file work_27.txt (compact mmCIF, C-alpha atoms)
# COMPACT_ATOMS: atom_id res chain seq x y z
CA MET A 124 48.22 59.78 120.94
CA GLN A 125 51.14 59.59 123.37
CA SER A 126 51.95 56.10 122.09
CA LYS A 127 52.30 57.39 118.53
CA LEU A 128 54.53 60.25 119.71
CA ASN A 129 56.74 57.88 121.67
CA THR A 130 56.90 55.56 118.67
CA ALA A 131 58.08 58.52 116.58
CA ILE A 132 60.79 59.23 119.15
CA GLU A 133 61.88 55.58 119.06
CA HIS A 134 62.12 55.63 115.27
CA VAL A 135 64.27 58.77 115.28
CA ALA A 136 66.44 57.15 117.98
CA GLU A 137 67.21 54.33 115.53
CA VAL A 138 68.64 56.92 113.14
CA LEU A 139 70.39 59.10 115.74
CA LEU A 140 71.72 56.33 117.94
CA GLY A 141 72.09 56.78 121.67
CA LYS A 142 70.41 60.21 121.81
CA THR A 143 66.88 59.42 123.02
CA GLU A 144 66.82 62.21 125.64
CA VAL A 145 67.85 64.84 123.08
CA ILE A 146 65.17 63.58 120.68
CA ARG A 147 62.54 63.67 123.43
CA LEU A 148 63.44 67.24 124.33
CA ALA A 149 63.29 68.24 120.66
CA THR A 150 59.83 66.66 120.45
CA CYS A 151 58.75 68.63 123.53
CA CYS A 152 59.94 71.78 121.80
CA LEU A 153 57.76 70.98 118.79
CA LEU A 154 54.70 70.09 120.88
CA SER A 155 54.98 73.32 122.87
CA GLY A 156 54.96 75.42 119.69
CA GLY A 157 58.55 76.57 120.09
CA HIS A 158 61.76 76.66 118.06
CA LEU A 159 64.96 74.70 118.55
CA LEU A 160 68.63 75.73 118.47
CA LEU A 161 71.20 72.95 118.05
CA GLU A 162 74.70 74.06 118.98
CA ASP A 163 77.48 71.53 118.52
CA LEU A 164 80.55 70.53 116.59
CA PRO A 165 80.20 69.50 112.93
CA GLY A 166 79.34 65.90 112.17
CA VAL A 167 77.44 64.85 115.31
CA GLY A 168 73.97 64.68 113.73
CA LYS A 169 72.35 68.12 113.96
CA THR A 170 71.05 68.09 110.38
CA THR A 171 70.10 64.43 110.67
CA LEU A 172 67.91 65.19 113.69
CA ALA A 173 66.05 67.97 111.85
CA HIS A 174 65.42 65.76 108.79
CA ALA A 175 64.26 62.85 110.94
CA LEU A 176 61.82 65.00 112.95
CA ALA A 177 60.25 66.29 109.74
CA LYS A 178 59.81 62.76 108.43
CA VAL A 179 58.26 61.09 111.49
CA PHE A 180 55.88 64.01 112.09
CA GLY A 181 54.91 64.29 108.42
CA LEU A 182 55.99 67.93 108.11
CA ASP A 183 56.87 69.87 104.97
CA PHE A 184 60.60 70.56 105.11
CA SER A 185 62.89 73.28 103.76
CA ARG A 186 66.58 73.88 104.35
CA VAL A 187 68.47 77.16 104.10
CA GLN A 188 72.25 77.14 104.25
CA PHE A 189 73.22 80.33 106.06
CA THR A 190 76.33 82.06 104.69
CA SER A 191 77.83 85.52 105.02
CA ASP A 192 76.32 86.64 101.68
CA LEU A 193 72.79 85.36 102.36
CA LEU A 194 70.14 88.10 102.20
CA PRO A 195 66.80 88.36 104.05
CA ALA A 196 64.96 88.02 100.73
CA ASP A 197 66.62 84.64 100.24
CA ILE A 198 64.66 83.43 103.27
CA ILE A 199 61.41 85.39 103.22
CA GLY A 200 60.96 85.93 99.49
CA LEU A 201 60.71 89.03 97.36
CA SER A 202 58.36 90.97 95.09
CA LEU A 203 58.95 90.66 91.36
CA PHE A 204 57.33 92.72 88.62
CA ASP A 205 55.00 90.73 86.37
CA LYS A 206 55.04 92.33 82.94
CA ASN A 207 51.76 90.64 82.01
CA THR A 208 49.72 92.00 84.91
CA HIS A 209 51.88 95.12 85.41
CA GLU A 210 51.89 94.40 89.13
CA PHE A 211 54.41 93.21 91.68
CA GLU A 212 53.92 89.60 92.70
CA PHE A 213 55.31 88.19 95.95
CA ARG A 214 57.39 85.07 95.42
CA ARG A 215 57.47 83.11 98.65
CA GLY A 216 60.80 82.03 100.06
CA PRO A 217 61.77 78.80 101.86
CA VAL A 218 60.42 80.12 105.19
CA PHE A 219 56.94 79.11 103.97
CA THR A 220 57.18 75.55 105.26
CA GLN A 221 56.34 73.61 108.41
CA LEU A 222 59.86 72.72 109.50
CA LEU A 223 62.61 75.11 108.45
CA LEU A 224 66.21 74.03 108.95
CA ALA A 225 68.35 77.16 109.33
CA ASP A 226 71.71 75.48 108.91
CA GLU A 227 74.73 77.23 110.49
CA ILE A 228 72.62 80.26 111.35
CA ASN A 229 75.52 82.09 112.99
CA ARG A 230 77.48 82.22 109.73
CA ALA A 231 75.00 84.80 108.37
CA THR A 232 75.17 88.50 109.19
CA PRO A 233 72.96 89.94 111.96
CA LYS A 234 70.75 91.59 109.31
CA THR A 235 69.96 88.21 107.78
CA GLN A 236 69.59 86.49 111.15
CA SER A 237 66.97 89.06 112.14
CA ALA A 238 64.87 88.14 109.10
CA LEU A 239 63.57 85.21 111.16
CA LEU A 240 62.53 87.25 114.21
CA GLU A 241 59.00 88.09 113.04
CA ALA A 242 58.46 84.58 111.68
CA MET A 243 59.51 82.92 114.94
CA ALA A 244 57.56 85.27 117.22
CA GLU A 245 54.38 85.95 115.23
CA TYR A 246 54.25 83.10 112.67
CA GLN A 247 54.06 85.56 109.81
CA VAL A 248 56.37 87.57 107.56
CA SER A 249 56.04 91.06 106.13
CA ASN A 250 56.95 92.30 102.68
CA ASP A 251 56.13 95.65 101.06
CA GLY A 252 53.65 96.52 103.77
CA LYS A 253 51.76 93.23 103.57
CA THR A 254 51.81 90.33 106.00
CA TYR A 255 51.70 86.68 105.02
CA ALA A 256 50.76 83.90 107.44
CA LEU A 257 53.09 80.92 107.73
CA PRO A 258 51.91 77.29 107.61
CA GLU A 259 50.84 75.53 110.81
CA PRO A 260 52.68 74.18 112.62
CA PHE A 261 55.76 76.31 111.95
CA PHE A 262 58.92 74.99 113.57
CA VAL A 263 62.44 76.41 113.15
CA VAL A 264 65.39 74.13 113.82
CA ALA A 265 68.57 76.18 113.66
CA THR A 266 72.07 74.78 113.89
CA GLN A 267 75.16 76.72 114.82
CA ASN A 268 78.82 76.08 115.37
CA PRO A 269 80.42 77.09 118.67
CA GLU A 270 81.23 80.81 118.72
CA ARG A 271 84.96 80.16 118.90
CA HIS A 272 84.86 78.90 115.31
CA GLY A 273 86.00 81.44 112.72
CA GLY A 274 83.54 83.28 110.46
CA THR A 275 80.62 83.31 112.89
CA PHE A 276 78.34 86.09 114.16
CA ALA A 277 77.00 85.59 117.68
CA LEU A 278 73.20 85.53 117.94
CA PRO A 279 71.91 88.51 119.96
CA GLU A 280 69.98 87.93 123.18
CA SER A 281 66.73 89.00 121.48
CA GLN A 282 67.02 86.15 119.00
CA LEU A 283 68.31 83.60 121.50
CA ASP A 284 65.23 84.30 123.62
CA ARG A 285 63.00 83.27 120.72
CA PHE A 286 64.52 79.79 120.68
CA SER A 287 62.53 77.75 123.17
CA MET A 288 65.39 75.31 123.70
CA ARG A 289 69.07 74.98 122.98
CA LEU A 290 70.38 71.43 122.77
CA SER A 291 73.78 69.88 122.24
CA ILE A 292 73.84 66.39 120.77
CA GLY A 293 77.42 65.57 121.73
CA TYR A 294 79.56 62.61 120.76
CA PRO A 295 77.94 59.16 120.82
CA SER A 296 78.72 56.65 123.53
CA ILE A 297 81.21 53.88 122.75
CA GLU A 298 78.39 51.37 122.30
CA ALA A 299 76.36 53.68 120.05
CA GLU A 300 79.39 54.56 117.95
CA ARG A 301 80.19 50.87 117.45
CA ARG A 302 76.63 50.38 116.14
CA ILE A 303 77.15 53.35 113.81
CA LEU A 304 80.45 51.95 112.53
CA ASN A 305 78.82 48.56 111.97
CA GLY A 306 76.02 50.19 109.97
CA GLN A 307 73.33 49.08 112.40
CA GLY A 308 71.42 52.36 112.49
CA GLN A 309 68.19 52.80 110.56
CA ALA A 310 68.49 54.58 107.22
CA MET A 311 66.86 57.99 106.94
CA SER A 312 65.08 56.90 103.77
CA SER A 313 63.19 54.20 105.69
CA LEU A 314 61.56 56.62 108.13
CA GLN A 315 57.79 56.98 107.78
CA ALA A 316 55.36 59.48 109.26
CA CYS A 317 54.01 58.22 112.60
CA LEU A 318 51.35 60.93 112.91
CA SER A 319 49.19 62.81 110.48
CA ALA A 320 49.13 66.60 110.42
CA GLU A 321 45.72 66.50 112.12
CA GLU A 322 46.99 64.21 114.90
CA LEU A 323 49.98 66.44 115.52
CA ALA A 324 47.73 69.51 115.72
CA ALA A 325 45.47 67.64 118.14
CA SER A 326 48.47 66.71 120.29
CA ILE A 327 49.59 70.32 120.47
CA LYS A 328 46.10 71.30 121.69
CA LEU A 329 46.13 68.54 124.29
CA VAL A 330 49.50 69.72 125.58
CA LYS A 331 48.01 73.17 126.22
CA ALA A 332 45.33 71.54 128.38
CA VAL A 333 47.84 69.87 130.73
CA ARG A 334 47.38 71.28 134.25
CA VAL A 335 50.02 73.10 136.27
CA GLU A 336 49.00 73.07 139.94
CA THR A 337 49.81 75.96 142.27
CA VAL A 338 52.76 74.21 143.92
CA CYS A 339 54.47 73.65 140.54
CA MET A 340 53.71 77.16 139.36
CA ASP A 341 55.25 78.51 142.57
CA TYR A 342 58.35 76.41 141.91
CA ILE A 343 58.65 77.76 138.37
CA GLN A 344 58.34 81.33 139.61
CA ARG A 345 60.99 80.76 142.27
CA LEU A 346 63.39 79.51 139.59
CA ILE A 347 62.67 82.55 137.39
CA GLN A 348 63.07 85.02 140.27
CA ARG A 349 66.23 83.29 141.44
CA SER A 350 67.76 83.71 137.98
CA ARG A 351 67.15 87.47 138.19
CA ASN A 352 68.53 87.90 141.71
CA HIS A 353 71.43 85.44 141.84
CA PRO A 354 74.82 87.17 142.31
CA ASP A 355 76.47 84.93 139.70
CA ILE A 356 73.93 85.80 136.98
CA SER A 357 73.92 89.15 135.19
CA LEU A 358 71.12 88.34 132.69
CA GLY A 359 68.20 86.41 134.12
CA LEU A 360 65.17 84.75 132.54
CA SER A 361 62.53 86.79 130.74
CA PRO A 362 58.73 86.39 130.96
CA ARG A 363 58.93 84.70 127.56
CA ALA A 364 61.34 82.18 129.09
CA ALA A 365 58.92 81.57 131.95
CA ILE A 366 56.06 80.88 129.52
CA THR A 367 58.33 78.55 127.54
CA LEU A 368 59.30 76.68 130.70
CA VAL A 369 55.64 76.10 131.58
CA ASN A 370 54.78 74.89 128.07
CA SER A 371 57.85 72.65 127.83
CA ALA A 372 57.09 71.04 131.19
CA LYS A 373 53.53 70.39 129.96
CA SER A 374 54.94 68.66 126.87
CA TRP A 375 57.23 66.47 128.96
CA ALA A 376 54.32 65.47 131.21
CA TYR A 377 52.12 64.75 128.18
CA LEU A 378 54.72 62.38 126.71
CA ASP A 379 54.66 60.56 130.06
CA GLY A 380 50.91 60.11 129.69
CA ARG A 381 49.91 62.58 132.40
CA ASP A 382 47.54 65.57 132.31
CA PHE A 383 49.35 67.41 135.10
CA VAL A 384 52.89 68.72 135.64
CA ARG A 385 55.28 67.53 138.33
CA ALA A 386 58.39 69.31 139.59
CA SER A 387 60.45 66.58 137.90
CA ASP A 388 59.00 67.65 134.53
CA VAL A 389 60.18 71.22 135.14
CA GLN A 390 63.63 69.95 136.10
CA ALA A 391 63.84 67.72 133.02
CA VAL A 392 63.41 70.62 130.59
CA PHE A 393 64.91 73.49 132.60
CA GLY A 394 68.48 73.25 131.32
CA ALA A 395 67.41 73.19 127.66
CA VAL A 396 65.04 76.13 128.18
CA ALA A 397 67.13 78.33 130.45
CA ALA A 398 70.85 77.89 129.81
CA HIS A 399 71.15 79.87 126.56
CA ARG A 400 69.11 82.76 127.94
CA MET A 401 71.31 83.50 130.95
CA ARG A 402 74.67 85.20 131.26
CA GLY A 403 77.10 84.93 134.13
CA ALA A 404 78.22 87.95 136.13
CA ALA A 405 81.58 89.48 135.28
CA ASP A 406 83.28 87.83 138.25
CA SER A 407 81.55 84.48 137.77
CA VAL A 408 83.50 81.58 136.32
CA ALA A 409 80.39 79.46 135.66
CA PRO A 410 79.48 79.11 131.95
CA ASP A 411 75.82 79.55 131.05
CA ASN A 412 75.15 75.80 130.83
CA ARG A 413 76.16 75.43 134.48
CA LEU A 414 74.04 78.32 135.67
CA ALA A 415 70.88 76.27 135.07
CA THR A 416 72.25 73.47 137.25
CA LEU A 417 73.19 76.03 139.89
CA LEU A 418 69.59 77.32 140.00
CA LEU A 419 68.11 73.83 140.25
CA ASP A 420 70.49 72.95 143.08
CA THR A 421 69.74 76.09 145.09
CA THR A 422 65.96 76.42 144.61
CA ASP A 423 63.63 74.51 146.90
CA VAL A 424 60.90 72.46 145.24
CA VAL A 425 58.43 72.98 148.09
CA VAL A 426 58.27 75.86 150.55

call {"tool": "encode", "arguments": {"input": "work_27.txt", "output": "structure tokens"}}
result
Amino acid sequence: MQSKLNTAIEHVAEVLLGKTEVIRLATCCLLSGGHLLLEDLPGVGKTTLAHALAKVFGLDFSRVQFTSDLLPADIIGLSLFDKNTHEFEFRRGPVFTQLLLADEINRATPKTQSALLEAMAEYQVSNDGKTYALPEPFFVVATQNPERHGGTFALPESQLDRFSMRLSIGYPSIEAERRILNGQGQAMSSLQACLSAEELAASIKLVKAVRVETVCMDYIQRLIQRSRNHPDISLGLSPRAAITLVNSAKSWAYLDGRDFVRASDVQAVFGAVAAHRMRGAADSVAPDNRLATLLLDTTDVVV
């Protein structure tokens, strides 16, 4: 199964040139049952990555363009009166899919942003006192512009914590950009599913079975505790973040063909899992993406 997953990563890498590590981390996020936040400048491939992941993993796909006038009902759905049955019927919104692209999520108001909280945490939505289960797997890929851009509403910590990873694609290398300019990348339309829905579900179950030995679990706990006690960090990592770190490390190990986690697996995913959840102290000059590096550099792997 790992060979099919790695083949899927390779195929996406032919569409999003030069970004294999980002694609691998995004795949880990999917395999661990999490949700992904892509924060970057316009035009670097955020939407392309979401489309490509849906194609190679054979997932149903929906896209919602978040704007300031978007309402929660535009995402979840709403109840409409049926004059034939004289009853209200729930019309499902675009959230009822396997991969939901929430494009430019921070352009919507906080009220609309919060419409995804229940879906991301409990894989269900509520309407008029009833709950509706979402398809499996359910994977949110949200994109956002940097907060300094005009017309944006910062995501609250409660919602940031529900995103398993935050990734930045960044500009391509000179070599990759030359390939892009020469039209050497693979077309999105040529991508085919590399796994069936059943194979993906089986992979997710196998990831859960990957072992985390005591020494690695101790290392993870030291990182979490260090984030809560470090003088340069005012907001440390939550228990949800710790669970996400364990599951993401399992996914990384699984893609390497192992059934156990190494410290290097934890280190490989730590920045993507931790950076967006932490806040620097008032007198700290380190931005949140450097706080993760600071923790890795100051936490011993073995005691």

call {"tool": "residues_around", "arguments": {"input": "work_27.txt", "residues": "range 329-341 of chain A", "least_positions_apart": "6", "cutoff": "9 Å", "atoms": "only C-alpha atoms", "output": "mmCIF file with C-alpha atoms, keeping the file's coordinate frame"}}
result
data_model
loop_
_atom_site.group_PDB
_atom_site.id
_atom_site.type_symbol
_atom_site.label_atom_id
_atom_site.label_comp_id
_atom_site.auth_asym_id
_atom_site.auth_seq_id
_atom_site.Cartn_x
_atom_site.Cartn_y
_atom_site.Cartn_z
ATOM 1 C CA LEU A 154 54.700 70.090 120.880
ATOM 2 C CA SER A 155 54.980 73.320 122.870
ATOM 3 C CA VAL A 369 55.640 76.100 131.580
ATOM 4 C CA ASN A 370 54.780 74.890 128.070
ATOM 5 C CA ALA A 372 57.090 71.040 131.190
ATOM 6 C CA LYS A 373 53.530 70.390 129.960
ATOM 7 C CA SER A 374 54.940 68.660 126.870
ATOM 8 C CA ALA A 376 54.320 65.470 131.210
ATOM 9 C CA TYR A 377 52.120 64.750 128.180
ATOM 10 C CA ARG A 381 49.910 62.580 132.400
ATOM 11 C CA ASP A 382 47.540 65.570 132.310
ATOM 12 C CA PHE A 383 49.350 67.410 135.100
ATOM 13 C CA VAL A 384 52.890 68.720 135.640
ATOM 14 C CA ARG A 385 55.280 67.530 138.330
ATOM 15 C CA ALA A 386 58.390 69.310 139.590
ATOM 16 C CA VAL A 389 60.180 71.220 135.140
ATOM 17 C CA VAL A 424 60.900 72.460 145.240
ATOM 18 C CA VAL A 425 58.430 72.980 148.090
ATOM 19 C CA VAL A 426 58.270 75.860 150.550
#

call {"tool": "atom_distance", "arguments": {"input": "work_27.txt", "atom1": "CA of Leu419 in chain A", "atom2": "CA of Val264 in chain A"}}
result
26.6 Å

call {"tool": "closest_residue", "arguments": {"input": "work_27.txt", "among": "A:Leu323, A:Val218, A:Leu160, A:Ala364", "to": "Ala196 in chain A", "atoms": "all atoms listed in the file"}}
result
A:Val218

call {"tool": "closest_residue", "arguments": {"input": "work_27.txt", "among": "A:Leu283, A:Leu148, A:Leu172, A:Leu139", "to": "Gly394 in chain A", "atoms": "only C-alpha atoms"}}
result
A:Leu148

call {"tool": "closest_residue", "arguments": {"input": "work_27.txt", "among": "A:Ile327, A:Val392, A:Cys317, A:Val187", "to": "Glu144 in chain A", "atoms": "all atoms listed in the file"}}
result
A:Val392

call {"tool": "atom_distance", "arguments": {"input": "work_27.txt", "atom1": "CA of Thr254 in chain A", "atom2": "CA of Glu241 in chain A"}}
result
10.3 Å

call {"tool": "residues_near_point", "arguments": {"input": "work_27.txt", "point": "(74.5, 75.0, 110.8)", "cutoff": "10 Å", "atoms": "only C-alpha atoms", "output": "ChimeraX atom specification"}}
result
/A:160-165,169-170,187-190,224-230,264-268

call {"tool": "residues_around", "arguments": {"input": "work_27.txt", "residues": "Arg349 in chain A", "least_positions_apart": "5", "cutoff": "12 Å", "atoms": "all atoms listed in the file", "output": "JSON list (two decimals) with C-alpha atoms, in the frame of the given file"}}
result
[["chain", "number", "residue", "atom", "x", "y", "z"],
["A", 342, "TYR", "CA", 58.35, 76.41, 141.91],
["A", 343, "ILE", "CA", 58.65, 77.76, 138.37],
["A", 344, "GLN", "CA", 58.34, 81.33, 139.61],
["A", 354, "PRO", "CA", 74.82, 87.17, 142.31],
["A", 355, "ASP", "CA", 76.47, 84.93, 139.70],
["A", 356, "ILE", "CA", 73.93, 85.80, 136.98],
["A", 357, "SER", "CA", 73.92, 89.15, 135.19],
["A", 358, "LEU", "CA", 71.12, 88.34, 132.69],
["A", 359, "GLY", "CA", 68.20, 86.41, 134.12],
["A", 360, "LEU", "CA", 65.17, 84.75, 132.54],
["A", 361, "SER", "CA", 62.53, 86.79, 130.74],
["A", 401, "MET", "CA", 71.31, 83.50, 130.95],
["A", 414, "LEU", "CA", 74.04, 78.32, 135.67],
["A", 415, "ALA", "CA", 70.88, 76.27, 135.07],
["A", 417, "LEU", "CA", 73.19, 76.03, 139.89],
["A", 418, "LEU", "CA", 69.59, 77.32, 140.00],
["A", 419, "LEU", "CA", 68.11, 73.83, 140.25],
["A", 420, "ASP", "CA", 70.49, 72.95, 143.08],
["A", 421, "THR", "CA", 69.74, 76.09, 145.09],
["A", 422, "THR", "CA", 65.96, 76.42, 144.61],
["A", 423, "ASP", "CA", 63.63, 74.51, 146.90]]

call {"tool": "closest_residue", "arguments": {"input": "work_27.txt", "among": "A:Ile297, A:Ile292, A:Met311, A:Leu176", "to": "Val145 in chain A", "atoms": "all atoms listed in the file"}}
result
A:Ile292

call {"tool": "atom_distance", "arguments": {"input": "work_27.txt", "atom1": "CA of Asn129 in chain A", "atom2": "CA of Gln390 in chain A"}}
result
20.0 Å

call {"tool": "residues_around", "arguments": {"input": "work_27.txt", "residues": "Ala175 in chain A", "least_positions_apart": "3", "cutoff": "12 Å", "atoms": "only C-alpha atoms", "output": "PyMOL selection string"}}
result
chain A and resi 131-139+146+149-150+168-172+178-184+222+224+264+309-317
